[in-house]
There are 2 protein chains.
Amino acid sequence: MSHTSYRTIQTEVLRRIRTRVWQPGQIIPSEVDLAVEFNCARATINRALRELAETGIIDRRRKAGTRVSLNPVRKATLDIPMTRIEIEARGLTYGYKMLAKNNIPAPEDVTVRMNLVPLQPLLHVKCLHLADGKPHVFEDRWINPNAVSNVFTAPFETVSPNEWLLQNVPISGGDIVLTAEPATVGDAAALGIPKGTALFVAERRTFIGTDTITFVRLAYAPGYRMTTHI
Amino acid sequence: MSHTSYRTIQTEVLRRIRTRVWQPGQIIPSEVDLAVEFNCARATINRALRELAETGIIDRRRKAGTRVSLNPVRKATLDIPMTRIEIEARGLTYGYKMLAKNNIPAPEDVTVRMNLVPLQPLLHVKCLHLADGKPHVFEDRWINPNAVSNVFTAPFETVSPNEWLLQNVPISGGDIVLTAEPATVGDAAALGIPKGTALFVAERRTFIGTDTITFVRLAYAPGYRMTTHI
DNA sequence: AAGTGGTCTAGACCACGTT
DNA sequence: ACGTGGTCTAGACCACTTC
């Protein structure tokens with residue numbers, strides 16, 4: 001009996017859950033018991049179960065023990081690569097075009113989302129990412145110059161804000177909102193589609209500590225699919 | 001010097017990356033070196049770095065060492081709860097209504113997506129989830145009776161297919177596609193909106209081993225936001 | 001009070017990939 | 001060949017929560 005890896009244990013635990021040997025809501029044996037059964041160290045059991053708990057398959061609480069999740073909140077992981085990488089990965093040619101760059105007071109809905117004082121001047125950049133020459137996503141971005149002191153030196157004419165920021169700004173966190181919206185006049189013009197077309201839109205905020213670095217709205221050309229697996 | 005936890009190490013590593021002490025693409029010290037520096041066991045360093053690698057912050061390869069990721073593929077985790085839970089969590093009253101149930105040959109696009117032979121009879125269920133009495137999401141689902149033998153006994157008149165399947169079918173995996181689509185005639189009728197309205201749509205496949213259990217298209221009422229954080 | 005998971009240690013061997 | 005991360009062990013102490 002050698003090589004009782006944590007992966008082996010995960011597989012067996014999943015099998016028991018799938019085949020209803022361990023039913024939803026039911027408690028499963030403790031780490032110590034499982035270590036005896038699988039003839040391995042408790043740390044190995046711990047790693048196996050800890051990872052399963054992270055995916056929502058089981059619930060663990062001290063003293064209360066480990067249970068098969070009644071409501072397996074399926075956790076899906078979205079990979080959000082840089083647009084250029086995403087396009088090149090499909091074997092298409094990436095293109096980039098800056099449409100506008102201004103330092104202007106931001107509208108209220110933007111300053112609210114960014115937790116900034118109203119009418120604060122922000123760097124506003126609009127640009128377009130292309131795949132094989134066709135519009136792929138229209139980017140409308142606001143950048144807080146107070147959080148990115150050297151942003152005015154950035155060559156957004158040739159480098160997309162996302163790539164420049166990734167290389168030049170430390171990031172501590174962010175959030176993403178995914179919606180479907182009818183194309184605005186601006187979306188329609190940039191993507192070359194009729195106004196009102198159903199668009200997949202991602203809005204992303206990025207923080208460093210408590211400061212908002214940037215807020216970006218990405219409007220994807222019709223037909224875009226965001227995929228993930230469980 | 002006690003209590004050098006893996007979280008402490010993660011925080012310090014992130015600080016060094018954020019402050020450019022360790023720059024993108026640059027190699028960082030080995031686990032052994034870091035264990036000496038932080039005065040802790042290598043296993044502790046390993047756990048700290050392994051978790052950071054899972055989030056895409058750093059890249060690790062045997063022999064090659066650990067590097068600050070050049071292209072930090074941001075991994076966002078989507079929580080996909082049952083619709084009832086999602087609605088109740090907002091303090092709204094959940095409602096459910098089955099609209100149709102048939103055992104009929106599936107259209108080709110469905111059988112293709114499900115890896116089944118064309119025209120195979122499948123259980124087709126349409127239903128509506130409501131929040132405070134208003135349509136929240138329209139569900140159009142196909143279920144493979146060969147993978148779910150007792151599906152014809154399921155009381156879909158009162159229990160949503162998702163909840164019944166979760167309790168009665170072992171699941172091994174699946175995938176999700178998120179898109180924006182104009183409302184079809186069917187979407188419009190079910191959700192009480194004009195045809196062509198931009199809708200957020202999730203299509204989900206669920207497998208047990210190599211068999212497809214179910215394919216579902218979820219069309220969310222306008223205004224729906226799927227949120228996540230990094 | 002007691003049981004369970006959470007974490008840490010010191011050491012070991014192995015797998016992989018660079019050299 | 002050799003250095004790095006990947007994993008496992010046996011033991012320990014701690015933190016939390018239920019009883």
# chains A, B, ... in the order shown; residues from 1 in each chain; ligands from 1
>>> interface_residues(of="chain A", to="chain D", cutoff="9 Å", atoms="only C-alpha atoms (C1' of nucleotides)", output="tab-separated table (two decimals) with N, CA and C atoms, in the first residue's frame")
chain	number	residue	atom	x	y	z
A	3	HIS	N	1.66	5.24	-2.06
A	3	HIS	CA	1.16	6.29	-2.94
A	3	HIS	C	-0.35	6.51	-2.82
A	4	THR	N	-0.84	6.74	-1.61
A	4	THR	CA	-2.24	7.12	-1.46
A	4	THR	C	-2.31	8.62	-1.60
A	5	SER	N	-2.44	9.07	-2.84
A	5	SER	CA	-2.35	10.52	-3.05
A	5	SER	C	-3.67	11.20	-2.73
A	6	TYR	N	-3.58	12.50	-2.52
A	6	TYR	CA	-4.80	13.24	-2.20
A	6	TYR	C	-5.76	13.22	-3.38
A	40	CYS	N	-3.27	6.65	5.33
A	40	CYS	CA	-2.41	7.78	4.97
A	40	CYS	C	-2.42	8.77	6.12
A	41	ALA	N	-1.64	9.84	5.95
A	41	ALA	CA	-1.58	10.85	7.01
A	41	ALA	C	-2.82	11.74	6.98
A	42	ARG	N	-3.14	12.29	8.13
A	42	ARG	CA	-4.32	13.15	8.17
A	42	ARG	C	-4.16	14.35	7.25
A	43	ALA	N	-2.93	14.85	7.13
A	43	ALA	CA	-2.68	16.01	6.28
A	43	ALA	C	-3.11	15.74	4.83
A	44	THR	N	-2.95	14.51	4.41
A	44	THR	CA	-3.34	14.14	3.05
A	44	THR	C	-4.86	14.20	2.89
A	61	ARG	N	-17.01	22.28	8.90
A	61	ARG	CA	-16.96	23.18	10.05
A	61	ARG	C	-16.32	22.45	11.21
A	62	ARG	N	-15.50	23.19	11.94
A	62	ARG	CA	-14.87	22.59	13.11
A	62	ARG	C	-15.94	22.03	14.03
A	63	LYS	N	-15.60	20.95	14.59
A	63	LYS	CA	-16.46	20.26	15.55
A	63	LYS	C	-17.71	19.65	14.90
A	64	ALA	N	-18.32	20.42	13.99
A	64	ALA	CA	-19.53	19.91	13.35
A	64	ALA	C	-19.21	18.84	12.33
>>> residues_around(residues="Val177 of chain B", least_positions_apart="5", cutoff="12 Å", atoms="only C-alpha atoms (C1' of nucleotides)", output="number ranges by chain")
A: 76, 78, 200, 223-230; B: 113, 200-205, 215-218
>>> select_by_dssp(residues="segment 32-215 of chain A", states="alpha helix (DSSP H)", output="VMD selection string")
chain A and resid 32 to 38 42 to 54 83 to 89 108 to 113 161 to 168 185 to 191
>>> closest_atom_pairs(of="chain C", to="chain A", cutoff="12 Å", atoms="only C-alpha atoms (C1' of nucleotides)", output="tab-separated table")
residue	atom	partner	partner_atom	distance
C:DA2	C1'	A:Lys63	CA	9.2
C:DG3	C1'	A:Lys63	CA	5.5
C:DT4	C1'	A:Lys63	CA	3.7
C:DG5	C1'	A:Arg62	CA	4.6
C:DG6	C1'	A:Arg62	CA	8.5
C:DT7	C1'	A:Ala43	CA	9.9
C:DC8	C1'	A:Ala43	CA	11.0
C:DC13	C1'	A:His3	CA	11.4
C:DC14	C1'	A:His3	CA	10.8
>>> write_last_selection(atoms="N, CA, C and O atoms (P, O5', C5', C4', C3', O3' and C1' of nucleotides)", output="PDB file, in the first residue's frame")
ATOM      1  P    DA C   2     -13.806  15.803  28.868  1.00  0.00           P
ATOM      2  O5'  DA C   2     -14.141  15.754  27.308  1.00  0.00           O
ATOM      3  C5'  DA C   2     -15.507  15.674  26.907  1.00  0.00           C
ATOM      4  C4'  DA C   2     -15.582  15.813  25.406  1.00  0.00           C
ATOM      5  C3'  DA C   2     -14.409  15.171  24.662  1.00  0.00           C
ATOM      6  O3'  DA C   2     -14.909  14.622  23.473  1.00  0.00           O
ATOM      7  C1'  DA C   2     -14.571  17.403  24.045  1.00  0.00           C
ATOM      8  P    DG C   3     -14.196  13.384  22.816  1.00  0.00           P
ATOM      9  O5'  DG C   3     -14.534  13.652  21.290  1.00  0.00           O
ATOM     10  C5'  DG C   3     -15.872  14.007  20.954  1.00  0.00           C
ATOM     11  C4'  DG C   3     -15.860  14.852  19.707  1.00  0.00           C
ATOM     12  C3'  DG C   3     -14.909  14.336  18.626  1.00  0.00           C
ATOM     13  O3'  DG C   3     -15.559  14.475  17.379  1.00  0.00           O
ATOM     14  C1'  DG C   3     -14.388  16.573  19.142  1.00  0.00           C
ATOM     15  P    DT C   4     -15.075  13.644  16.130  1.00  0.00           P
ATOM     16  O5'  DT C   4     -14.742  14.753  15.057  1.00  0.00           O
ATOM     17  C5'  DT C   4     -15.755  15.677  14.646  1.00  0.00           C
ATOM     18  C4'  DT C   4     -15.085  16.914  14.137  1.00  0.00           C
ATOM     19  C3'  DT C   4     -13.961  16.643  13.146  1.00  0.00           C
ATOM     20  O3'  DT C   4     -14.429  16.834  11.828  1.00  0.00           O
ATOM     21  C1'  DT C   4     -13.427  18.382  14.718  1.00  0.00           C
ATOM     22  P    DG C   5     -13.406  16.548  10.645  1.00  0.00           P
ATOM     23  O5'  DG C   5     -12.808  17.993  10.378  1.00  0.00           O
ATOM     24  C5'  DG C   5     -13.682  19.034   9.961  1.00  0.00           C
ATOM     25  C4'  DG C   5     -13.016  20.391  10.168  1.00  0.00           C
ATOM     26  C3'  DG C   5     -11.932  20.736   9.137  1.00  0.00           C
ATOM     27  O3'  DG C   5     -12.056  22.125   8.863  1.00  0.00           O
ATOM     28  C1'  DG C   5     -11.017  20.812  11.294  1.00  0.00           C
ATOM     29  P    DG C   6     -11.034  22.885   7.935  1.00  0.00           P
ATOM     30  O5'  DG C   6     -10.009  23.487   8.995  1.00  0.00           O
ATOM     31  C5'  DG C   6     -10.273  24.740   9.611  1.00  0.00           C
ATOM     32  C4'  DG C   6      -8.964  25.431   9.918  1.00  0.00           C
ATOM     33  C3'  DG C   6      -7.984  25.453   8.742  1.00  0.00           C
ATOM     34  O3'  DG C   6      -7.397  26.747   8.676  1.00  0.00           O
ATOM     35  C1'  DG C   6      -6.973  24.409  10.600  1.00  0.00           C
ATOM     36  P    DT C   7      -6.341  27.082   7.571  1.00  0.00           P
ATOM     37  O5'  DT C   7      -4.984  26.732   8.311  1.00  0.00           O
ATOM     38  C5'  DT C   7      -4.642  27.475   9.478  1.00  0.00           C
ATOM     39  C4'  DT C   7      -3.414  26.890  10.099  1.00  0.00           C
ATOM     40  C3'  DT C   7      -2.173  26.891   9.211  1.00  0.00           C
ATOM     41  O3'  DT C   7      -1.345  27.922   9.698  1.00  0.00           O
ATOM     42  C1'  DT C   7      -2.374  24.921  10.548  1.00  0.00           C
ATOM     43  P    DC C   8      -0.068  28.319   8.933  1.00  0.00           P
ATOM     44  O5'  DC C   8       1.079  27.431   9.594  1.00  0.00           O
ATOM     45  C5'  DC C   8       1.394  27.634  10.956  1.00  0.00           C
ATOM     46  C4'  DC C   8       2.312  26.526  11.423  1.00  0.00           C
ATOM     47  C3'  DC C   8       3.538  26.295  10.530  1.00  0.00           C
ATOM     48  O3'  DC C   8       4.695  26.791  11.204  1.00  0.00           O
ATOM     49  C1'  DC C   8       2.513  24.249  11.291  1.00  0.00           C
ATOM     50  P    DC C  13      14.683   9.193   2.271  1.00  0.00           P
ATOM     51  O5'  DC C  13      13.751   9.218   0.979  1.00  0.00           O
ATOM     52  C5'  DC C  13      12.484   8.578   1.034  1.00  0.00           C
ATOM     53  C4'  DC C  13      11.676   9.014  -0.166  1.00  0.00           C
ATOM     54  C3'  DC C  13      12.417   8.865  -1.510  1.00  0.00           C
ATOM     55  O3'  DC C  13      11.651   8.022  -2.349  1.00  0.00           O
ATOM     56  C1'  DC C  13      11.367  10.988  -1.329  1.00  0.00           C
ATOM     57  P    DC C  14      12.138   7.609  -3.762  1.00  0.00           P
ATOM     58  O5'  DC C  14      11.183   8.506  -4.662  1.00  0.00           O
ATOM     59  C5'  DC C  14       9.831   8.687  -4.272  1.00  0.00           C
ATOM     60  C4'  DC C  14       9.182   9.727  -5.167  1.00  0.00           C
ATOM     61  C3'  DC C  14       9.610   9.611  -6.639  1.00  0.00           C
ATOM     62  O3'  DC C  14       8.444   9.679  -7.433  1.00  0.00           O
ATOM     63  C1'  DC C  14       9.930  11.822  -5.858  1.00  0.00           C
TER      64       DC C  14
END
>>> select_by_dssp(residues="segment 51-217 of chain A", states="strand (DSSP E)", output="number ranges by chain")
A: 58-61, 65-68, 74-80, 94-105, 121-131, 134-143, 173-182, 198-208, 211-217
>>> closest_residue(among="B:Ile17, B:Leu128, B:Ile104, B:Ile87", to="chain A", atoms="only C-alpha atoms")
B:Ile17
>>> closest_residue(among="B:Pro145, B:Pro107, B:Gly173, B:Gly25", to="chain A", atoms="only C-alpha atoms")
B:Gly173
>>> closest_residue(among="A:Thr55, A:Thr179, A:Ser149, A:Thr206", to="chain B", atoms="only C-alpha atoms")
A:Thr179
>>> residues_around(residues="Trp142 of chain A", least_positions_apart="6", cutoff="9 Å", atoms="only C-alpha atoms (C1' of nucleotides)", output="list in words")
Ala106, Val110, Leu122, Leu123, His124, Val125, Lys126, Ile213, Thr214, Phe215, Val216 and Arg217 of chain A
>>> write_last_selection(atoms="C-alpha atoms", output="compact mmCIF listing (two decimals), in the first residue's frame")
# COMPACT_ATOMS: atom_id res chain seq x y z
CA ALA A 106 -16.35 62.12 -15.00
CA VAL A 110 -18.85 56.80 -12.98
CA LEU A 122 -10.30 61.48 -14.80
CA LEU A 123 -8.50 60.14 -17.81
CA HIS A 124 -11.08 58.84 -20.27
CA VAL A 125 -9.94 56.43 -22.97
CA LYS A 126 -12.05 54.83 -25.66
CA ILE A 213 -7.67 52.56 -10.16
CA THR A 214 -9.93 52.15 -13.12
CA PHE A 215 -13.47 51.47 -14.24
CA VAL A 216 -14.00 49.92 -17.65
CA ARG A 217 -17.03 48.98 -19.68
>>> residues_around(residues="Leu165 of chain A", least_positions_apart="2", cutoff="10 Å", atoms="only C-alpha atoms (C1' of nucleotides)", output="number ranges by chain")
A: 143, 148, 151, 154, 159-163, 167-171, 213-214
>>> closest_residue(among="B:Lys195, B:Lys75, B:Lys134, B:Lys97", to="chain A", atoms="only C-alpha atoms")
B:Lys75
>>> residues_around(residues="Ile57 of chain A", least_positions_apart="5", cutoff="9 Å", atoms="only C-alpha atoms (C1' of nucleotides)", output="JSON list (two decimals) with all heavy atoms, in the first residue's frame")
[["chain", "number", "residue", "atom", "x", "y", "z"],
["A", 14, "LEU", "N", -15.54, 11.66, -4.28],
["A", 14, "LEU", "CA", -16.52, 12.07, -5.28],
["A", 14, "LEU", "C", -17.37, 10.88, -5.74],
["A", 14, "LEU", "O", -18.57, 11.02, -5.95],
["A", 14, "LEU", "CB", -15.81, 12.71, -6.48],
["A", 14, "LEU", "CG", -15.27, 14.11, -6.24],
["A", 14, "LEU", "CD1", -14.44, 14.57, -7.43],
["A", 14, "LEU", "CD2", -16.41, 15.09, -6.00],
["A", 52, "LEU", "N", -11.95, 20.06, -2.02],
["A", 52, "LEU", "CA", -13.34, 19.79, -2.40],
["A", 52, "LEU", "C", -14.28, 20.82, -1.78],
["A", 52, "LEU", "O", -15.27, 21.23, -2.39],
["A", 52, "LEU", "CB", -13.75, 18.39, -1.97],
["A", 52, "LEU", "CG", -13.09, 17.24, -2.74],
["A", 52, "LEU", "CD1", -13.58, 15.90, -2.21],
["A", 52, "LEU", "CD2", -13.37, 17.35, -4.23],
["A", 67, "ARG", "N", -19.84, 17.63, 5.77],
["A", 67, "ARG", "CA", -21.09, 17.13, 5.20],
["A", 67, "ARG", "C", -21.08, 17.28, 3.69],
["A", 67, "ARG", "O", -20.47, 18.19, 3.15],
["A", 67, "ARG", "CB", -22.28, 17.92, 5.75],
["A", 67, "ARG", "CG", -22.51, 17.73, 7.22],
["A", 67, "ARG", "CD", -23.61, 18.65, 7.74],
["A", 67, "ARG", "NE", -23.80, 18.43, 9.17],
["A", 67, "ARG", "CZ", -24.53, 17.43, 9.65],
["A", 67, "ARG", "NH1", -25.13, 16.60, 8.83],
["A", 67, "ARG", "NH2", -24.65, 17.25, 10.96],
["A", 68, "VAL", "N", -21.81, 16.40, 3.03],
["A", 68, "VAL", "CA", -22.05, 16.56, 1.61],
["A", 68, "VAL", "C", -22.98, 17.76, 1.44],
["A", 68, "VAL", "O", -24.01, 17.85, 2.10],
["A", 68, "VAL", "CB", -22.72, 15.30, 1.02],
["A", 68, "VAL", "CG1", -22.98, 15.48, -0.46],
["A", 68, "VAL", "CG2", -21.85, 14.08, 1.27],
["A", 69, "SER", "N", -22.59, 18.68, 0.60],
["A", 69, "SER", "CA", -23.34, 19.92, 0.46],
["A", 69, "SER", "C", -24.76, 19.66, 0.00],
["A", 69, "SER", "O", -25.00, 18.92, -0.95],
["A", 69, "SER", "CB", -22.62, 20.84, -0.52],
["A", 69, "SER", "OG", -23.33, 22.05, -0.64],
["A", 70, "LEU", "N", -25.72, 20.27, 0.71],
["A", 70, "LEU", "CA", -27.13, 20.15, 0.32],
["A", 70, "LEU", "C", -27.39, 21.02, -0.89],
["A", 70, "LEU", "O", -28.18, 20.68, -1.76],
["A", 70, "LEU", "CB", -28.02, 20.63, 1.47],
["A", 70, "LEU", "CG", -28.62, 19.56, 2.37],
["A", 70, "LEU", "CD1", -29.44, 20.21, 3.47],
["A", 70, "LEU", "CD2", -29.49, 18.63, 1.54],
["A", 71, "ASN", "N", -26.77, 22.16, -0.89],
["A", 71, "ASN", "CA", -26.97, 23.11, -1.97],
["A", 71, "ASN", "C", -25.62, 23.42, -2.58],
["A", 71, "ASN", "O", -25.00, 24.42, -2.29],
["A", 71, "ASN", "CB", -27.60, 24.39, -1.43],
["A", 71, "ASN", "CG", -27.62, 25.49, -2.46],
["A", 71, "ASN", "OD1", -27.51, 26.65, -2.13],
["A", 71, "ASN", "ND2", -27.72, 25.11, -3.73],
["A", 72, "PRO", "N", -25.16, 22.49, -3.40],
["A", 72, "PRO", "CA", -23.83, 22.68, -3.97],
["A", 72, "PRO", "C", -23.79, 23.92, -4.85],
["A", 72, "PRO", "O", -24.04, 23.85, -6.03],
["A", 72, "PRO", "CB", -23.60, 21.41, -4.77],
["A", 72, "PRO", "CG", -24.95, 20.86, -5.06],
["A", 72, "PRO", "CD", -25.83, 21.31, -3.94],
["A", 73, "VAL", "N", -23.51, 25.05, -4.22],
["A", 73, "VAL", "CA", -23.31, 26.27, -5.00],
["A", 73, "VAL", "C", -22.21, 25.98, -5.99],
["A", 73, "VAL", "O", -21.06, 25.88, -5.61],
["A", 73, "VAL", "CB", -22.89, 27.45, -4.09],
["A", 73, "VAL", "CG1", -22.57, 28.67, -4.93],
["A", 73, "VAL", "CG2", -23.99, 27.76, -3.10],
["A", 74, "ARG", "N", -22.60, 25.78, -7.21],
["A", 74, "ARG", "CA", -21.59, 25.44, -8.21],
["A", 74, "ARG", "C", -20.68, 26.64, -8.40],
["A", 74, "ARG", "O", -21.13, 27.71, -8.73],
["A", 74, "ARG", "CB", -22.24, 25.07, -9.54],
["A", 74, "ARG", "CG", -23.47, 24.25, -9.39],
["A", 74, "ARG", "CD", -23.33, 22.76, -9.51],
["A", 74, "ARG", "NE", -22.21, 22.24, -10.21],
["A", 74, "ARG", "CZ", -21.78, 21.01, -9.99],
["A", 74, "ARG", "NH1", -22.34, 20.28, -9.05],
["A", 74, "ARG", "NH2", -20.80, 20.51, -10.69]]
